[in-house]
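input-v6.pdb, holding PDB, C-alpha atoms:
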ATOM      1  CA  MET A 256     136.329 109.065 122.820  1.00  0.00           C
ATOM      2  CA  ALA A 257     133.052 110.820 123.588  1.00  0.00           C
ATOM      3  CA  ALA A 258     133.052 113.976 125.677  1.00  0.00           C
ATOM      4  CA  LEU A 259     132.475 113.445 129.375  1.00  0.00           C
ATOM      5  CA  PRO A 260     129.165 114.535 130.850  1.00  0.00           C
ATOM      6  CA  THR A 261     129.176 117.434 133.288  1.00  0.00           C
ATOM      7  CA  LYS A 262     126.783 115.760 135.763  1.00  0.00           C
ATOM      8  CA  MET A 263     126.645 112.288 137.268  1.00  0.00           C
ATOM      9  CA  THR A 264     124.369 110.304 139.548  1.00  0.00           C
ATOM     10  CA  VAL A 265     125.743 109.482 143.000  1.00  0.00           C
ATOM     11  CA  ILE A 266     124.386 107.824 146.115  1.00  0.00           C
ATOM     12  CA  GLY A 267     124.426 110.520 148.761  1.00  0.00           C
ATOM     13  CA  ILE A 268     123.568 110.412 152.434  1.00  0.00           C
ATOM     14  CA  LYS A 269     120.522 112.489 153.480  1.00  0.00           C
ATOM     15  CA  GLY A 270     121.292 112.157 157.193  1.00  0.00           C
ATOM     16  CA  ALA A 271     122.595 109.738 159.782  1.00  0.00           C
ATOM     17  CA  GLY A 272     120.625 106.507 159.949  1.00  0.00           C
ATOM     18  CA  GLY A 273     119.715 103.326 158.145  1.00  0.00           C
ATOM     19  CA  PRO A 274     119.726 102.393 154.471  1.00  0.00           C
ATOM     20  CA  ASP A 275     116.718 104.658 153.898  1.00  0.00           C
ATOM     21  CA  MET A 276     119.097 107.615 154.325  1.00  0.00           C
ATOM     22  CA  LEU A 277     120.803 106.760 151.007  1.00  0.00           C
ATOM     23  CA  ALA A 278     119.456 108.788 148.083  1.00  0.00           C
ATOM     24  CA  LEU A 279     120.240 109.366 144.438  1.00  0.00           C
ATOM     25  CA  GLU A 280     121.643 112.839 143.765  1.00  0.00           C
ATOM     26  CA  GLN A 281     123.124 114.717 140.825  1.00  0.00           C
ATOM     27  CA  ARG A 282     126.666 116.064 141.247  1.00  0.00           C
ATOM     28  CA  PRO A 283     129.348 117.462 138.941  1.00  0.00           C
ATOM     29  CA  VAL A 284     131.687 114.918 137.348  1.00  0.00           C
ATOM     30  CA  PRO A 285     135.091 115.341 139.060  1.00  0.00           C
ATOM     31  CA  THR A 286     138.197 116.305 137.095  1.00  0.00           C
ATOM     32  CA  PRO A 287     141.420 114.392 137.781  1.00  0.00           C
ATOM     33  CA  SER A 288     144.394 116.391 139.054  1.00  0.00           C
ATOM     34  CA  SER A 289     148.060 115.559 138.608  1.00  0.00           C
ATOM     35  CA  GLY A 290     148.695 111.862 139.240  1.00  0.00           C
ATOM     36  CA  GLU A 291     144.993 111.004 139.276  1.00  0.00           C
ATOM     37  CA  ILE A 292     142.739 108.985 136.991  1.00  0.00           C
ATOM     38  CA  LEU A 293     139.001 109.296 136.447  1.00  0.00           C
ATOM     39  CA  VAL A 294     137.270 105.926 136.484  1.00  0.00           C
ATOM     40  CA  LYS A 295     133.836 105.184 135.042  1.00  0.00           C
ATOM     41  CA  VAL A 296     132.594 103.032 137.910  1.00  0.00           C
ATOM     42  CA  ALA A 297     131.212  99.610 136.992  1.00  0.00           C
ATOM     43  CA  ALA A 298     131.029  98.349 140.602  1.00  0.00           C
ATOM     44  CA  ALA A 299     131.803  99.588 144.113  1.00  0.00           C
ATOM     45  CA  GLY A 300     132.547  97.614 147.254  1.00  0.00           C
ATOM     46  CA  VAL A 301     130.511  98.054 150.431  1.00  0.00           C
ATOM     47  CA  ASN A 302     132.675  98.256 153.545  1.00  0.00           C
ATOM     48  CA  ARG A 303     132.207  98.866 157.242  1.00  0.00           C
ATOM     49  CA  PRO A 304     133.411 102.497 156.956  1.00  0.00           C
ATOM     50  CA  ASP A 305     130.717 103.118 154.295  1.00  0.00           C
ATOM     51  CA  VAL A 306     128.025 101.764 156.627  1.00  0.00           C
ATOM     52  CA  MET A 307     129.434 103.732 159.566  1.00  0.00           C
ATOM     53  CA  GLN A 308     129.557 106.910 157.447  1.00  0.00           C
ATOM     54  CA  ARG A 309     125.885 106.419 156.586  1.00  0.00           C
ATOM     55  CA  MET A 310     125.135 105.944 160.285  1.00  0.00           C
ATOM     56  CA  GLY A 311     126.898 109.241 161.090  1.00  0.00           C
ATOM     57  CA  LEU A 312     129.791 107.543 162.908  1.00  0.00           C
ATOM     58  CA  TYR A 313     132.616 107.941 160.354  1.00  0.00           C
ATOM     59  CA  PRO A 314     133.025 111.403 158.816  1.00  0.00           C
ATOM     60  CA  PRO A 315     135.067 111.568 155.604  1.00  0.00           C
ATOM     61  CA  PRO A 316     138.586 112.939 156.122  1.00  0.00           C
ATOM     62  CA  PRO A 317     139.241 116.596 155.209  1.00  0.00           C
ATOM     63  CA  GLY A 318     139.292 117.051 151.441  1.00  0.00           C
ATOM     64  CA  ALA A 319     137.586 113.708 150.711  1.00  0.00           C
ATOM     65  CA  PRO A 320     134.208 113.636 148.971  1.00  0.00           C
ATOM     66  CA  ASP A 321     131.159 113.156 151.197  1.00  0.00           C
ATOM     67  CA  ILE A 322     129.990 110.397 148.831  1.00  0.00           C
ATOM     68  CA  PRO A 323     130.600 106.966 150.399  1.00  0.00           C
ATOM     69  CA  GLY A 324     132.570 104.203 148.705  1.00  0.00           C
ATOM     70  CA  LEU A 325     136.234 103.351 149.306  1.00  0.00           C
ATOM     71  CA  GLU A 326     136.830 100.764 146.588  1.00  0.00           C
ATOM     72  CA  ILE A 327     135.795 100.651 142.962  1.00  0.00           C
ATOM     73  CA  ALA A 328     136.320  98.860 139.679  1.00  0.00           C
ATOM     74  CA  GLY A 329     135.795 100.274 136.219  1.00  0.00           C
ATOM     75  CA  GLU A 330     137.385 101.816 133.147  1.00  0.00           C
ATOM     76  CA  VAL A 331     139.867 104.700 133.023  1.00  0.00           C
ATOM     77  CA  ILE A 332     138.184 107.472 131.032  1.00  0.00           C
ATOM     78  CA  ALA A 333     140.344 110.527 131.817  1.00  0.00           C
ATOM     79  CA  LEU A 334     143.922 111.135 132.943  1.00  0.00           C
ATOM     80  CA  GLY A 335     145.313 113.920 135.085  1.00  0.00           C
ATOM     81  CA  THR A 336     148.685 115.390 134.183  1.00  0.00           C
ATOM     82  CA  ASN A 337     151.766 113.277 134.877  1.00  0.00           C
ATOM     83  CA  VAL A 338     149.873 109.952 134.897  1.00  0.00           C
ATOM     84  CA  LYS A 339     152.373 107.362 133.684  1.00  0.00           C
ATOM     85  CA  ARG A 340     150.929 104.000 134.689  1.00  0.00           C
ATOM     86  CA  TRP A 341     147.504 104.027 133.006  1.00  0.00           C
ATOM     87  CA  LYS A 342     145.964 104.813 129.632  1.00  0.00           C
ATOM     88  CA  LEU A 343     142.414 105.493 128.534  1.00  0.00           C
ATOM     89  CA  GLY A 344     140.346 102.305 128.402  1.00  0.00           C
ATOM     90  CA  ASP A 345     142.360 100.398 131.017  1.00  0.00           C
ATOM     91  CA  ARG A 346     140.275  98.227 133.352  1.00  0.00           C
ATOM     92  CA  VAL A 347     141.210  98.973 136.964  1.00  0.00           C
ATOM     93  CA  MET A 348     140.246  98.391 140.572  1.00  0.00           C
ATOM     94  CA  ALA A 349     141.181 101.129 143.029  1.00  0.00           C
ATOM     95  CA  LEU A 350     141.229 102.135 146.660  1.00  0.00           C
ATOM     96  CA  VAL A 351     139.810 105.671 146.857  1.00  0.00           C
ATOM     97  CA  VAL A 352     139.396 108.277 149.621  1.00  0.00           C
ATOM     98  CA  GLY A 353     135.635 108.273 149.011  1.00  0.00           C
ATOM     99  CA  GLY A 354     133.247 108.852 146.163  1.00  0.00           C
ATOM    100  CA  GLY A 355     132.920 105.268 144.963  1.00  0.00           C
ATOM    101  CA  TYR A 356     129.115 105.263 145.072  1.00  0.00           C
ATOM    102  CA  ALA A 357     128.986 107.320 141.897  1.00  0.00           C
ATOM    103  CA  GLU A 358     129.076 106.945 138.127  1.00  0.00           C
ATOM    104  CA  TYR A 359     132.589 108.451 138.031  1.00  0.00           C
ATOM    105  CA  CYS A 360     135.291 108.466 140.693  1.00  0.00           C
ATOM    106  CA  ILE A 361     138.795 109.894 141.075  1.00  0.00           C
ATOM    107  CA  ALA A 362     141.633 107.553 142.097  1.00  0.00           C
ATOM    108  CA  HIS A 363     145.323 108.216 142.534  1.00  0.00           C
ATOM    109  CA  GLU A 364     147.182 106.251 139.889  1.00  0.00           C
ATOM    110  CA  SER A 365     149.298 104.472 142.531  1.00  0.00           C
ATOM    111  CA  HIS A 366     146.171 103.227 144.328  1.00  0.00           C
ATOM    112  CA  ALA A 367     144.890 101.298 141.319  1.00  0.00           C
ATOM    113  CA  LEU A 368     145.556  97.777 140.111  1.00  0.00           C
ATOM    114  CA  PRO A 369     144.791  96.204 136.726  1.00  0.00           C
ATOM    115  CA  VAL A 370     141.689  94.029 136.402  1.00  0.00           C
ATOM    116  CA  SER A 371     142.340  90.783 134.579  1.00  0.00           C
ATOM    117  CA  GLY A 372     140.463  87.516 134.910  1.00  0.00           C
ATOM    118  CA  LEU A 373     137.871  88.938 137.303  1.00  0.00           C
ATOM    119  CA  SER A 374     134.453  90.447 136.832  1.00  0.00           C
ATOM    120  CA  MET A 375     134.140  94.098 137.794  1.00  0.00           C
ATOM    121  CA  ILE A 376     131.990  93.060 140.759  1.00  0.00           C
ATOM    122  CA  GLU A 377     134.714  90.698 142.005  1.00  0.00           C
ATOM    123  CA  ALA A 378     137.417  93.307 141.396  1.00  0.00           C
ATOM    124  CA  ALA A 379     135.529  95.994 143.337  1.00  0.00           C
ATOM    125  CA  ALA A 380     135.638  93.834 146.476  1.00  0.00           C
ATOM    126  CA  ILE A 381     139.449  93.544 146.529  1.00  0.00           C
ATOM    127  CA  PRO A 382     141.281  96.900 146.991  1.00  0.00           C
ATOM    128  CA  GLU A 383     140.296  97.865 150.563  1.00  0.00           C
ATOM    129  CA  THR A 384     141.273  94.489 152.002  1.00  0.00           C
ATOM    130  CA  PHE A 385     144.258  93.877 149.714  1.00  0.00           C
ATOM    131  CA  PHE A 386     145.909  97.262 150.263  1.00  0.00           C
ATOM    132  CA  THR A 387     145.246  97.137 154.031  1.00  0.00           C
ATOM    133  CA  VAL A 388     146.732  93.661 154.379  1.00  0.00           C
ATOM    134  CA  TRP A 389     149.706  94.523 152.140  1.00  0.00           C
ATOM    135  CA  HIS A 390     150.460  97.737 154.019  1.00  0.00           C
ATOM    136  CA  ASN A 391     150.172  96.150 157.467  1.00  0.00           C
ATOM    137  CA  THR A 392     152.057  92.975 156.566  1.00  0.00           C
ATOM    138  CA  PHE A 393     154.903  94.244 154.403  1.00  0.00           C
ATOM    139  CA  GLU A 394     155.243  97.993 154.866  1.00  0.00           C
ATOM    140  CA  ARG A 395     154.371  98.410 158.559  1.00  0.00           C
ATOM    141  CA  GLY A 396     155.150  94.876 159.733  1.00  0.00           C
ATOM    142  CA  GLY A 397     158.220  94.387 157.572  1.00  0.00           C
ATOM    143  CA  LEU A 398     157.515  90.708 156.794  1.00  0.00           C
ATOM    144  CA  LYS A 399     160.457  89.276 154.855  1.00  0.00           C
ATOM    145  CA  SER A 400     160.986  86.187 152.731  1.00  0.00           C
ATOM    146  CA  GLY A 401     161.395  83.112 154.946  1.00  0.00           C
ATOM    147  CA  GLU A 402     159.435  84.595 157.869  1.00  0.00           C
ATOM    148  CA  THR A 403     156.060  83.250 159.028  1.00  0.00           C
ATOM    149  CA  LEU A 404     152.869  85.210 159.647  1.00  0.00           C
ATOM    150  CA  LEU A 405     150.011  83.890 161.810  1.00  0.00           C
ATOM    151  CA  ILE A 406     146.632  85.517 161.197  1.00  0.00           C
ATOM    152  CA  HIS A 407     144.081  84.929 163.961  1.00  0.00           C
ATOM    153  CA  GLY A 408     141.113  86.483 162.177  1.00  0.00           C
ATOM    154  CA  GLY A 409     140.331  88.329 159.018  1.00  0.00           C
ATOM    155  CA  SER A 410     137.002  90.066 159.453  1.00  0.00           C
ATOM    156  CA  SER A 411     135.469  93.055 161.100  1.00  0.00           C
ATOM    157  CA  VAL A 412     132.722  93.070 163.689  1.00  0.00           C
ATOM    158  CA  SER A 413     129.338  94.614 163.063  1.00  0.00           C
ATOM    159  CA  ALA A 414     128.900  98.264 163.950  1.00  0.00           C
ATOM    160  CA  ARG A 415     125.758  97.199 165.838  1.00  0.00           C
ATOM    161  CA  PRO A 416     124.149  93.893 166.756  1.00  0.00           C
ATOM    162  CA  LEU A 417     121.877  92.454 164.102  1.00  0.00           C
ATOM    163  CA  SER A 418     118.551  90.905 165.016  1.00  0.00           C
ATOM    164  CA  ASN A 419     117.265  87.656 163.545  1.00  0.00           C
ATOM    165  CA  SER A 420     114.111  89.561 162.668  1.00  0.00           C
ATOM    166  CA  PRO A 421     113.440  89.689 158.885  1.00  0.00           C
ATOM    167  CA  LYS A 422     113.129  93.488 159.044  1.00  0.00           C
ATOM    168  CA  HIS A 423     116.798  93.833 159.997  1.00  0.00           C
ATOM    169  CA  SER A 424     119.633  93.180 157.603  1.00  0.00           C
ATOM    170  CA  ALA A 425     123.312  93.930 157.106  1.00  0.00           C
ATOM    171  CA  ARG A 426     122.671  96.008 153.986  1.00  0.00           C
ATOM    172  CA  ALA A 427     124.573  99.218 153.462  1.00  0.00           C
TER     173      ALA A 427
END
Please render this file's structure as structure tokens.
Amino acid sequence: MAALPTKMTVIGIKGAGGPDMLALEQRPVPTPSSGEILVKVAAAGVNRPDVMQRMGLYPPPPGAPDIPGLEIAGEVIALGTNVKRWKLGDRVMALVVGGGYAEYCIAHESHALPVSGLSMIEAAAIPETFFTVWHNTFERGGLKSGETLLIHGGSSVSARPLSNSPKHSARA
């Protein structure tokens, strides 16, 4: 396997505001710690928290990268110590604490799922919703076999009203 570069391109946030506040930047490639994998990002999801972070309304949690992006899909290219579940070259999708809008992103090995039968673009749109639903339904809610779950809605509301004007859009 080729040596990893020391620098990568990321999409940073110049300041609070609209999509024009997103800018390409150069940053160091992160190094995975114990239990973490480094993923070469093929695709990243765009979620409400990413848009809110860009708008200045959702600061990253302490210790998280300031680069937006909470879900990614790509190839495992480096392993931290004690990683048992993944090997180099595995195709994964992952829920991350941030940093998904980059060429390379760290994920905890337990927050990744294998990609099979999906494109990387499709896979990158799954982790945030899947892990949230799983956690709330089975871990927090304790849903058991034979029980019924009624879901009234499954989407978020816009962080701000959108105009019908062509100059406004829901882009991140």
To one decimal in Å, tell me the separation between atom CA of A:Glu330 and atom CA of A:Pro317.
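A separation of 26.6 Å between them.
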Measuring between all atoms listed in the file, which one of A:Ser400, A:Asn391, A:Ser288, A:Thr384 shows the shortest distance to A:Thr336?
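Among the listed residues, A:Ser288 lies closest to A:Thr336.
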Output the residue selection produced by the PyMOL selection byres ((chain A and resi 352) around 9) on the file above, formatted as number ranges by chain.
A: 315-316, 318-320, 323-326, 350-351, 353-355, 361-362
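The list of residues within 8 Å of (138.0, 98.7, 151.9), counted using all atoms listed in the file, is Gly300, Val301, Asn302, Arg303, Pro304, Leu325, Glu326, Leu350, Ala380, Ile381, Pro382, Glu383, Thr384 and Thr387 of chain A.
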Any idea what the distance is between atom CA of A:Pro369 and atom CA of A:Tyr356?
19.9 Å
Distance criterion (only C-alpha atoms): nearest to A:Gly329 out of A:Cys360, A:Ser365, A:Ala379, A:Val296:
A:Val296
Running the PyMOL selection byres ((chain A and resi 276) around 12) on this model by hand, what would come out? Give it as a ChimeraX atom specification.
/A:266-275,277-279,306,308-311,427
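Take the PyMOL selection byres ((chain A and resi 283) around 8) and apply it to this file: it picks Thr261, Lys262, Met263, Gln281, Arg282, Val284 and Pro285 of chain A.
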Can I get the selection written as a tab-separated table (two decimals), in the frame of the given file, with C-alpha atoms?
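Output file result.tsv follows:
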chain	number	residue	atom	x	y	z
A	261	THR	CA	129.18	117.43	133.29
A	262	LYS	CA	126.78	115.76	135.76
A	263	MET	CA	126.64	112.29	137.27
A	281	GLN	CA	123.12	114.72	140.82
A	282	ARG	CA	126.67	116.06	141.25
A	284	VAL	CA	131.69	114.92	137.35
A	285	PRO	CA	135.09	115.34	139.06
Provide an axis-aligned box for all listed atoms of stretch 275-285 of chain A, padding each side by 3 Å; report its centre and its edge lengths in Å to one decimal, as JSON.
{"center_x": 125.9, "center_y": 111.1, "center_z": 145.8, "size_x": 24.4, "size_y": 18.8, "size_z": 23.0}
Separation of atom CA of A:Val338 and atom CA of A:Glu364, in Å?
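For atom CA of A:Val338 relative to atom CA of A:Glu364, the distance reads 6.8 Å.
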Need the shell around A:Glu377: protein/DNA/RNA residues with any atom at most 10 Å away, counting only C-alpha atoms. Skip same-chain ones fewer than 6 positions apart. Format as an mmCIF file with C-alpha atoms, in the frame of the given file?
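Below you can see around.cif, which holds the result:
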data_model
loop_
_atom_site.group_PDB
_atom_site.id
_atom_site.type_symbol
_atom_site.label_atom_id
_atom_site.label_comp_id
_atom_site.auth_asym_id
_atom_site.auth_seq_id
_atom_site.Cartn_x
_atom_site.Cartn_y
_atom_site.Cartn_z
ATOM 1 C CA ALA A 298 131.029 98.349 140.602
ATOM 2 C CA ALA A 299 131.803 99.588 144.113
ATOM 3 C CA GLY A 300 132.547 97.614 147.254
ATOM 4 C CA ALA A 328 136.320 98.860 139.679
ATOM 5 C CA MET A 348 140.246 98.391 140.572
ATOM 6 C CA VAL A 370 141.689 94.029 136.402
#
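For the residues A:Glu358, A:Leu373, A:Val294, A:Ser289, ranking by smallest atom-to-atom distance to A:Asn337 using all atoms listed in the file places A:Ser289 first.
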May I have the residues within 6 Å of A:Pro287 as an NGL selection string, using only C-alpha atoms and disregarding those fewer than 5 positions away in the same chain?
:A and (292-293 or 335)
Can you rebuild stretch 277-301 of chain A with N, CA, C and O atoms and give it as a compact mmCIF listing (two decimals), keeping the file's coordinate frame?
# COMPACT_ATOMS: atom_id res chain seq x y z
N LEU A 277 120.09 106.69 152.28
CA LEU A 277 120.80 106.76 151.01
C LEU A 277 119.85 107.27 149.94
O LEU A 277 118.70 106.83 149.87
N ALA A 278 120.33 108.20 149.11
CA ALA A 278 119.46 108.79 148.08
C ALA A 278 120.25 109.13 146.84
O ALA A 278 121.42 109.54 146.92
N LEU A 279 119.61 108.97 145.70
CA LEU A 279 120.24 109.37 144.44
C LEU A 279 120.29 110.89 144.36
O LEU A 279 119.32 111.57 144.70
N GLU A 280 121.44 111.41 143.91
CA GLU A 280 121.64 112.84 143.76
C GLU A 280 122.40 113.08 142.47
O GLU A 280 123.06 112.18 141.94
N GLN A 281 122.33 114.30 141.98
CA GLN A 281 123.12 114.72 140.82
C GLN A 281 124.26 115.59 141.33
O GLN A 281 124.06 116.48 142.15
N ARG A 282 125.47 115.30 140.86
CA ARG A 282 126.67 116.06 141.25
C ARG A 282 127.51 116.30 140.00
O ARG A 282 127.41 115.58 139.01
N PRO A 283 128.41 117.27 140.06
CA PRO A 283 129.35 117.46 138.94
C PRO A 283 130.31 116.27 138.81
O PRO A 283 130.71 115.68 139.81
N VAL A 284 130.67 115.95 137.59
CA VAL A 284 131.69 114.92 137.35
C VAL A 284 133.03 115.51 137.78
O VAL A 284 133.38 116.61 137.36
N PRO A 285 133.80 114.79 138.62
CA PRO A 285 135.09 115.34 139.06
C PRO A 285 136.13 115.34 137.93
O PRO A 285 136.03 114.56 136.98
N THR A 286 137.10 116.20 138.06
CA THR A 286 138.20 116.30 137.10
C THR A 286 139.48 115.82 137.77
O THR A 286 139.82 116.30 138.85
N PRO A 287 140.20 114.89 137.15
CA PRO A 287 141.42 114.39 137.78
C PRO A 287 142.53 115.45 137.79
O PRO A 287 142.72 116.17 136.82
N SER A 288 143.23 115.52 138.91
CA SER A 288 144.39 116.39 139.05
C SER A 288 145.65 115.60 138.71
O SER A 288 145.58 114.43 138.34
N SER A 289 146.79 116.21 138.89
CA SER A 289 148.06 115.56 138.61
C SER A 289 148.17 114.23 139.36
O SER A 289 147.90 114.17 140.56
N GLY A 290 148.52 113.18 138.64
CA GLY A 290 148.70 111.86 139.24
C GLY A 290 147.41 111.10 139.49
O GLY A 290 147.43 110.02 140.08
N GLU A 291 146.28 111.65 139.04
CA GLU A 291 144.99 111.00 139.28
C GLU A 291 144.37 110.51 137.98
O GLU A 291 144.64 111.05 136.90
N ILE A 292 143.51 109.50 138.12
CA ILE A 292 142.74 108.98 136.99
C ILE A 292 141.26 109.14 137.32
O ILE A 292 140.87 109.12 138.49
N LEU A 293 140.45 109.30 136.28
CA LEU A 293 139.00 109.30 136.45
C LEU A 293 138.50 107.96 135.94
O LEU A 293 138.79 107.56 134.80
N VAL A 294 137.77 107.26 136.80
CA VAL A 294 137.27 105.93 136.48
C VAL A 294 135.76 105.98 136.31
O VAL A 294 135.05 106.54 137.16
N LYS A 295 135.28 105.40 135.21
CA LYS A 295 133.84 105.18 135.04
C LYS A 295 133.52 103.94 135.85
O LYS A 295 133.96 102.83 135.51
N VAL A 296 132.81 104.10 136.94
CA VAL A 296 132.59 103.03 137.91
C VAL A 296 131.62 101.99 137.37
O VAL A 296 130.50 102.32 136.99
N ALA A 297 132.07 100.74 137.36
CA ALA A 297 131.21 99.61 136.99
C ALA A 297 130.66 98.94 138.25
O ALA A 297 129.55 98.41 138.23
N ALA A 298 131.44 98.96 139.34
CA ALA A 298 131.03 98.35 140.60
C ALA A 298 131.80 99.00 141.74
O ALA A 298 132.93 99.46 141.56
N ALA A 299 131.16 99.05 142.91
CA ALA A 299 131.80 99.59 144.11
C ALA A 299 131.62 98.60 145.25
O ALA A 299 130.57 97.97 145.37
N GLY A 300 132.65 98.47 146.08
CA GLY A 300 132.55 97.61 147.25
C GLY A 300 131.75 98.31 148.35
O GLY A 300 131.63 99.54 148.36
N VAL A 301 131.20 97.52 149.26
CA VAL A 301 130.51 98.05 150.43
C VAL A 301 131.31 97.60 151.64
O VAL A 301 131.47 96.40 151.86
